[in-house]
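Shown next: final-v2.pdb, given as PDB, C-alpha atoms and all ligand atoms.
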MODEL        1
ATOM      1  CA  MET O  67     103.257 145.986  62.950
ATOM      2  CA  GLY O  68     103.986 142.248  62.882
ATOM      3  CA  PHE O  69     102.717 139.542  60.568
ATOM      4  CA  LEU O  70      99.174 138.222  60.380
ATOM      5  CA  SER O  71      98.404 135.415  62.820
ATOM      6  CA  VAL O  72      98.057 131.934  61.382
ATOM      7  CA  LEU O  73      94.269 132.066  61.805
ATOM      8  CA  SER O  74      94.018 135.518  60.211
ATOM      9  CA  MET O  75      96.125 134.360  57.267
ATOM     10  CA  ALA O  76      93.822 131.353  56.784
ATOM     11  CA  HIS O  77      90.827 133.705  56.809
ATOM     12  CA  LYS O  78      92.485 136.063  54.327
ATOM     13  CA  LEU O  79      93.217 133.259  51.846
ATOM     14  CA  VAL O  80      89.649 131.967  52.120
ATOM     15  CA  LYS O  81      88.087 135.439  51.794
ATOM     16  CA  GLU O  82      89.973 135.953  48.542
ATOM     17  CA  ARG O  83      88.445 132.806  47.028
ATOM     18  CA  VAL O  84      84.873 132.450  48.330
ATOM     19  CA  SER O  85      81.910 134.358  46.878
ATOM     20  CA  GLN O  86      78.216 134.643  47.645
ATOM     21  CA  GLY O  87      76.357 131.489  46.656
ATOM     22  CA  ASP O  88      79.331 129.173  47.099
ATOM     23  CA  THR O  89      79.372 125.815  48.895
ATOM     24  CA  VAL O  90      82.031 125.635  51.623
ATOM     25  CA  VAL O  91      83.120 123.212  54.359
ATOM     26  CA  ASP O  92      84.433 123.606  57.905
ATOM     27  CA  ALA O  93      86.048 120.216  58.536
ATOM     28  CA  THR O  94      86.591 120.815  62.290
ATOM     29  CA  CYS O  95      83.977 123.313  63.467
ATOM     30  CA  GLY O  96      84.926 123.449  67.180
ATOM     31  CA  ASN O  97      83.781 126.841  68.472
ATOM     32  CA  GLY O  98      82.439 127.829  65.069
ATOM     33  CA  VAL O  99      84.766 130.743  64.343
ATOM     34  CA  ASP O 100      85.669 129.469  60.877
ATOM     35  CA  THR O 101      82.092 128.331  60.225
ATOM     36  CA  LEU O 102      80.859 131.858  60.889
ATOM     37  CA  LEU O 103      83.369 133.341  58.451
ATOM     38  CA  LEU O 104      82.380 130.783  55.804
ATOM     39  CA  ALA O 105      78.670 131.480  56.330
ATOM     40  CA  GLU O 106      79.197 135.217  55.930
ATOM     41  CA  LEU O 107      81.189 134.718  52.732
ATOM     42  CA  ALA O 108      78.764 132.198  51.192
ATOM     43  CA  GLY O 109      75.737 134.343  52.026
ATOM     44  CA  ARG O 110      72.016 133.671  51.587
ATOM     45  CA  ARG O 111      72.398 131.599  48.432
ATOM     46  CA  GLY O 112      75.340 129.611  49.789
ATOM     47  CA  ALA O 113      75.696 126.360  51.719
ATOM     48  CA  VAL O 114      77.993 125.616  54.657
ATOM     49  CA  TYR O 115      78.829 122.109  55.916
ATOM     50  CA  ALA O 116      80.369 122.022  59.404
ATOM     51  CA  PHE O 117      81.760 118.732  60.753
ATOM     52  CA  ASP O 118      82.777 117.706  64.243
ATOM     53  CA  ILE O 119      82.844 114.426  66.162
ATOM     54  CA  GLN O 120      81.845 116.199  69.401
ATOM     55  CA  ALA O 121      78.229 117.206  69.948
ATOM     56  CA  GLU O 122      79.420 120.049  72.168
ATOM     57  CA  ALA O 123      81.321 121.587  69.258
ATOM     58  CA  LEU O 124      78.244 121.470  67.028
ATOM     59  CA  GLU O 125      76.253 123.099  69.820
ATOM     60  CA  ARG O 126      78.818 125.882  70.224
ATOM     61  CA  THR O 127      78.838 126.429  66.469
ATOM     62  CA  ARG O 128      75.043 126.522  66.291
ATOM     63  CA  ASP O 129      74.986 129.107  69.076
ATOM     64  CA  ARG O 130      77.629 131.252  67.436
ATOM     65  CA  LEU O 131      75.813 131.318  64.120
ATOM     66  CA  ALA O 132      72.481 131.981  65.786
ATOM     67  CA  GLY O 133      74.125 134.834  67.678
ATOM     68  CA  SER O 134      72.674 133.417  70.875
ATOM     69  CA  SER O 135      75.861 132.405  72.684
ATOM     70  CA  GLY O 136      76.643 134.403  75.775
ATOM     71  CA  GLY O 137      80.404 133.862  75.874
ATOM     72  CA  GLY O 138      82.851 135.216  73.332
ATOM     73  CA  VAL O 139      80.439 136.237  70.586
ATOM     74  CA  SER O 140      80.880 139.870  69.602
ATOM     75  CA  ALA O 141      78.120 142.184  68.403
ATOM     76  CA  ALA O 142      79.734 142.199  64.965
ATOM     77  CA  GLU O 143      79.695 138.401  64.868
ATOM     78  CA  LYS O 144      76.033 138.357  65.849
ATOM     79  CA  ALA O 145      75.206 140.833  63.092
ATOM     80  CA  GLY O 146      77.205 138.805  60.566
ATOM     81  CA  ALA O 147      75.557 135.547  61.536
ATOM     82  CA  ALA O 148      72.094 137.045  61.459
ATOM     83  CA  SER O 149      72.576 138.546  58.026
ATOM     84  CA  SER O 150      74.404 135.691  56.305
ATOM     85  CA  GLY O 151      71.445 133.304  55.949
ATOM     86  CA  ALA O 152      73.591 130.575  54.377
ATOM     87  CA  ALA O 153      72.109 127.067  54.542
ATOM     88  CA  LEU O 154      73.946 125.539  57.501
ATOM     89  CA  HIS O 155      74.465 121.778  57.698
ATOM     90  CA  LEU O 156      75.882 120.793  61.097
ATOM     91  CA  VAL O 157      77.186 117.244  60.701
ATOM     92  CA  HIS O 158      77.990 115.044  63.710
ATOM     93  CA  ALA O 159      80.504 112.847  61.912
ATOM     94  CA  SER O 160      84.178 112.574  61.129
ATOM     95  CA  HIS O 161      85.513 114.806  58.405
ATOM     96  CA  ALA O 162      86.908 111.610  56.848
ATOM     97  CA  ASP O 163      83.329 110.964  55.706
ATOM     98  CA  MET O 164      82.679 114.442  54.345
ATOM     99  CA  ALA O 165      82.064 113.343  50.754
ATOM    100  CA  ALA O 166      79.073 111.281  51.874
ATOM    101  CA  HIS O 167      77.452 114.329  53.495
ATOM    102  CA  VAL O 168      78.071 117.074  50.933
ATOM    103  CA  ALA O 169      75.324 117.250  48.289
ATOM    104  CA  ALA O 170      76.297 115.320  45.168
ATOM    105  CA  ASP O 171      75.728 118.332  42.910
ATOM    106  CA  ALA O 172      78.375 120.275  44.869
ATOM    107  CA  HIS O 173      81.082 117.661  44.327
ATOM    108  CA  GLY O 174      83.851 119.281  42.310
ATOM    109  CA  ASN O 175      82.374 122.714  42.988
ATOM    110  CA  VAL O 176      83.294 123.442  46.625
ATOM    111  CA  ALA O 177      85.118 126.775  47.031
ATOM    112  CA  ALA O 178      86.927 126.188  50.342
ATOM    113  CA  VAL O 179      87.504 123.559  53.025
ATOM    114  CA  MET O 180      88.956 124.748  56.344
ATOM    115  CA  PHE O 181      90.706 122.483  58.880
ATOM    116  CA  ASN O 182      91.823 123.574  62.342
ATOM    117  CA  LEU O 183      93.359 120.453  63.848
ATOM    118  CA  GLY O 184      93.881 119.397  67.452
ATOM    119  CA  TYR O 185      91.394 119.552  70.335
ATOM    120  CA  LEU O 186      88.385 121.622  71.296
ATOM    121  CA  PRO O 187      89.484 124.327  73.767
ATOM    122  CA  GLY O 188      87.790 123.911  77.140
ATOM    123  CA  ALA O 189      86.752 120.301  76.441
ATOM    124  CA  ASP O 190      88.442 116.891  76.730
ATOM    125  CA  GLN O 191      91.942 117.470  75.349
ATOM    126  CA  THR O 192      92.400 113.782  74.565
ATOM    127  CA  VAL O 193      89.793 114.043  71.797
ATOM    128  CA  ILE O 194      92.009 115.185  68.953
ATOM    129  CA  THR O 195      92.256 114.900  65.219
ATOM    130  CA  THR O 196      94.392 111.940  64.107
ATOM    131  CA  PRO O 197      96.696 111.398  61.114
ATOM    132  CA  ASP O 198      94.578 108.638  59.515
ATOM    133  CA  GLY O 199      91.328 110.578  59.705
ATOM    134  CA  THR O 200      92.928 113.853  58.725
ATOM    135  CA  LEU O 201      94.646 112.428  55.624
ATOM    136  CA  ALA O 202      91.440 110.714  54.494
ATOM    137  CA  ALA O 203      89.607 114.009  54.987
ATOM    138  CA  LEU O 204      92.238 115.949  53.051
ATOM    139  CA  ASP O 205      91.894 113.536  50.113
ATOM    140  CA  ALA O 206      88.129 113.978  50.232
ATOM    141  CA  ALA O 207      88.465 117.754  50.470
ATOM    142  CA  LEU O 208      90.680 117.965  47.396
ATOM    143  CA  SER O 209      88.274 115.884  45.359
ATOM    144  CA  LEU O 210      85.319 118.050  46.447
ATOM    145  CA  LEU O 211      87.054 121.336  45.530
ATOM    146  CA  ARG O 212      86.537 123.164  42.272
ATOM    147  CA  PRO O 213      89.605 124.295  40.299
ATOM    148  CA  GLY O 214      90.939 127.381  42.095
ATOM    149  CA  GLY O 215      89.343 126.272  45.359
ATOM    150  CA  ILE O 216      91.371 126.198  48.563
ATOM    151  CA  VAL O 217      92.016 123.926  51.556
ATOM    152  CA  THR O 218      93.473 125.567  54.666
ATOM    153  CA  VAL O 219      94.936 123.484  57.510
ATOM    154  CA  VAL O 220      96.037 124.938  60.841
ATOM    155  CA  LEU O 221      98.521 122.498  62.398
ATOM    156  CA  TYR O 222      99.543 122.287  66.071
ATOM    157  CA  PRO O 223     102.918 120.560  66.556
ATOM    158  CA  GLY O 224     102.995 121.569  70.255
ATOM    159  CA  HIS O 225     100.508 119.121  71.809
ATOM    160  CA  PRO O 226     100.964 115.334  72.239
ATOM    161  CA  GLY O 227     100.412 113.698  68.871
ATOM    162  CA  GLY O 228     100.346 117.047  67.095
ATOM    163  CA  ALA O 229     103.863 116.902  65.656
ATOM    164  CA  GLU O 230     103.245 113.449  64.151
ATOM    165  CA  GLU O 231     100.021 114.645  62.587
ATOM    166  CA  ALA O 232     101.690 117.786  61.224
ATOM    167  CA  ASP O 233     104.491 115.700  59.691
ATOM    168  CA  ALA O 234     101.965 113.369  58.076
ATOM    169  CA  VAL O 235     100.073 116.328  56.587
ATOM    170  CA  GLN O 236     103.295 117.840  55.244
ATOM    171  CA  GLN O 237     104.293 114.544  53.629
ATOM    172  CA  TRP O 238     100.823 114.230  52.107
ATOM    173  CA  ALA O 239     101.068 117.746  50.653
ATOM    174  CA  ALA O 240     104.619 117.248  49.379
ATOM    175  CA  SER O 241     103.470 114.167  47.455
ATOM    176  CA  LEU O 242     100.672 115.976  45.578
ATOM    177  CA  PRO O 243     101.416 116.289  41.853
ATOM    178  CA  GLN O 244     102.120 119.929  41.043
ATOM    179  CA  ALA O 245      99.705 119.708  38.125
ATOM    180  CA  ALA O 246      96.908 118.868  40.573
ATOM    181  CA  ALA O 247      97.520 121.349  43.373
ATOM    182  CA  GLN O 248      99.916 123.902  44.819
ATOM    183  CA  ALA O 249     100.745 123.747  48.546
ATOM    184  CA  VAL O 250     102.332 126.492  50.660
ATOM    185  CA  LEU O 251     103.328 126.916  54.321
ATOM    186  CA  TYR O 252     102.985 129.986  56.563
ATOM    187  CA  ARG O 253     105.134 129.420  59.626
ATOM    188  CA  MET O 254     107.331 131.113  62.241
ATOM    189  CA  ALA O 255     110.909 130.128  61.392
ATOM    190  CA  GLN O 256     112.176 130.543  64.975
ATOM    191  CA  LYS O 257     109.440 128.627  66.858
ATOM    192  CA  ALA O 258     109.169 124.967  65.852
ATOM    193  CA  GLU O 259     106.255 124.307  68.256
ATOM    194  CA  ALA O 260     104.098 127.264  67.205
ATOM    195  CA  PRO O 261     100.913 126.547  65.215
ATOM    196  CA  TYR O 262     101.331 126.985  61.486
ATOM    197  CA  LEU O 263      99.263 127.064  58.337
ATOM    198  CA  MET O 264      99.281 124.949  55.228
ATOM    199  CA  ALA O 265      97.184 126.056  52.264
ATOM    200  CA  ILE O 266      96.495 123.989  49.163
ATOM    201  CA  GLU O 267      95.000 125.456  46.013
ATOM    202  CA  LYS O 268      93.527 123.049  43.487
ATOM    203  CA  ARG O 269      94.664 123.655  39.909
TER
HETATM  204  C1  LIG O 301      91.020 123.257  67.233
HETATM  205  S1  LIG O 301      89.380 122.689  67.260
HETATM  206  C2  LIG O 301      88.637 123.578  65.924
HETATM  207  C3  LIG O 301      88.423 125.062  66.189
HETATM  208  C4  LIG O 301      87.442 125.694  65.242
HETATM  209  N1  LIG O 301      87.929 125.741  63.870
HETATM  210  C5  LIG O 301      87.004 127.067  65.674
HETATM  211  O1  LIG O 301      86.951 127.980  64.859
HETATM  212  O2  LIG O 301      86.683 127.225  66.831
HETATM  213  C6  LIG O 301      89.489 121.039  66.593
HETATM  214  C7  LIG O 301      88.160 120.340  66.488
HETATM  215  O3  LIG O 301      88.322 119.172  65.685
HETATM  216  C8  LIG O 301      87.391 118.236  66.151
HETATM  217  N2  LIG O 301      87.692 116.900  65.613
HETATM  218  C9  LIG O 301      88.550 115.958  66.091
HETATM  219  N3  LIG O 301      88.540 114.877  65.287
HETATM  220  C10 LIG O 301      87.658 115.137  64.279
HETATM  221  C11 LIG O 301      87.205 114.403  63.144
HETATM  222  N4  LIG O 301      87.680 113.182  62.861
HETATM  223  N5  LIG O 301      86.279 114.974  62.338
HETATM  224  C12 LIG O 301      85.794 116.214  62.601
HETATM  225  N6  LIG O 301      86.185 116.962  63.659
HETATM  226  C13 LIG O 301      87.112 116.433  64.488
HETATM  227  C14 LIG O 301      87.466 118.349  67.651
HETATM  228  O4  LIG O 301      86.337 117.786  68.277
HETATM  229  C15 LIG O 301      87.591 119.881  67.821
HETATM  230  O5  LIG O 301      86.344 120.463  68.050
ENDMDL
END

Please render this file's structure as structure tokens.
Ligand SMILES: C[S@@+](CC[C@H](N)C(=O)[O-])C[C@H]1O[C@@H](n2cnc3c(N)ncnc32)[C@H](O)[C@@H]1O
Amino acid sequence: MGFLSVLSMAHKLVKERVSQGDTVVDATCGNGVDTLLLAELAGRRGAVYAFDIQAEALERTRDRLAGSSGGGVSAAEKAGAASSGAALHLVHASHADMAAHVAADAHGNVAAVMFNLGYLPGADQTVITTPDGTLAALDAALSLLRPGGIVTVVLYPGHPGGAEEADAVQQWAASLPQAAAQAVLYRMAQKAEAPYLMAIEKR
């Protein structure tokens, strides 16, 4: 049967914690796969903020949620996007600045923030997330979360710069006071270069 993939495990943890009407954040929207999940979970009364520094990623995400993309969008995804109706805020900015873009009345009440680090598949692979920006964004994400809210981070130690970023994220998580948050890893023990998941639940 095998274990859930890293991405499926991130989705499972988020699904268990997000309800209709919630405010949620995709910190690295890329192709919009996580944004679509978040929009479906938050529903008509919810709000989704999706960040990326590349206009192409925002375009791909817009297409996926509109159900208008030709490539790689399934019928089920189109139906989900069409029915979700969540207020979608596509933000062309670094996730390090997320607090400035999320509505003030949602601060401290965000249900989930999803990160999927690295580069946009099929685009310039030198445009990647970086330790400084990622750690600033993680701090912002934790402060935006409500108690019981979750941050998921998919880490890619296999590409240039990825291992350093993953180490920095692990050190950041290890230094969080246990009274503030609980951090866990989901990782293949025999493949050091495989992508892995960190999840942080705010207390
Ligand atoms: C692996 S992709 C994300 C995949 C996406 N979650 C999906 O479902 O398709 C990583 C994305 O992070 C974006 N990125 C890099 N630096 C960023 C930053 N400082 N703020 C926001 N996004 C960033 C890249 O442009 C890229 O689109």

So that each row is one residue of chain O with an atom at most 7 Å from ligand LIG 301 (chain O), can you give its shortest atom pair and the distance in Å to one decimal, using all atoms listed in the file, rows by chain and rising number, as a tab-separated table?
residue	atom	partner	partner_atom	distance
O:Ala93	CA	O:LIG301	C12	5.7
O:Thr94	CA	O:LIG301	N6	4.1
O:Cys95	CA	O:LIG301	C4	4.6
O:Gly96	CA	O:LIG301	O5	3.4
O:Asn97	CA	O:LIG301	O2	3.4
O:Gly98	CA	O:LIG301	O1	4.5
O:Val99	CA	O:LIG301	O1	3.6
O:Asp100	CA	O:LIG301	O1	4.4
O:Thr101	CA	O:LIG301	O1	6.7
O:Phe117	CA	O:LIG301	C12	5.1
O:Asp118	CA	O:LIG301	N6	3.5
O:Ile119	CA	O:LIG301	N6	4.9
O:Gln120	CA	O:LIG301	O4	4.9
O:Ala123	CA	O:LIG301	O5	5.3
O:Ala159	CA	O:LIG301	N5	6.2
O:Ser160	CA	O:LIG301	N5	3.4
O:His161	CA	O:LIG301	N5	4.0
O:Ala162	CA	O:LIG301	N4	6.3
O:Phe181	CA	O:LIG301	N1	6.6
O:Asn182	CA	O:LIG301	N1	4.7
O:Leu183	CA	O:LIG301	C6	4.8
O:Gly184	CA	O:LIG301	C6	4.8
O:Tyr185	CA	O:LIG301	C6	4.5
O:Leu186	CA	O:LIG301	C15	4.0
O:Pro187	CA	O:LIG301	S1	6.7
O:Val193	CA	O:LIG301	C9	6.1
O:Ile194	CA	O:LIG301	C9	4.6
O:Thr195	CA	O:LIG301	N3	3.7
O:Thr196	CA	O:LIG301	N3	6.7
O:Gly199	CA	O:LIG301	N4	5.5
O:Thr200	CA	O:LIG301	N4	6.7

Q.
If I take CA of Val217 (chain O) and CA of Glu267 (chain O), how far is one from the other in Å, to one decimal?
A.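 Separating CA of Val217 (chain O) from CA of Glu267 (chain O) is a distance of 6.5 Å.
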
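The space between CA of Leu79 (chain O) and CA of Gly227 (chain O) spans 26.9 Å.
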
**Q.** Matched chain/residue IDs from the PyMOL selection byres (((chain O and resi 204) around 10) and not hetatm), as an MDAnalysis selection string
**A.** chainID O and resid 93 161:162 164 179:181 199:203 205:210 217:219 235 238:239 266

Q | All residues 7 Å or closer to Arg110 (chain O), only C-alpha atoms, same chain fewer than 5 positions away omitted, as a list of chain:residue names | A | O:Gly87, O:Ser150, O:Gly151, O:Ala152

Q) Counting only C-alpha atoms, which of O:Pro197, O:Pro213, O:Pro261, O:Gly109 gets nearest to Ala245 (chain O)? A)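 Residue with the minimum atom-to-atom distance to Ala245 (chain O): O:Pro213.
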
(Q) Which residue is closest to Tyr222 (chain O)? Choose from O:Val72, O:Ala121, O:Ala172, O:Leu104 and count only C-alpha atoms. (A)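 Checking each of O:Val72, O:Ala121, O:Ala172, O:Leu104 against Tyr222 (chain O), counting only C-alpha atoms, the winner is O:Val72.
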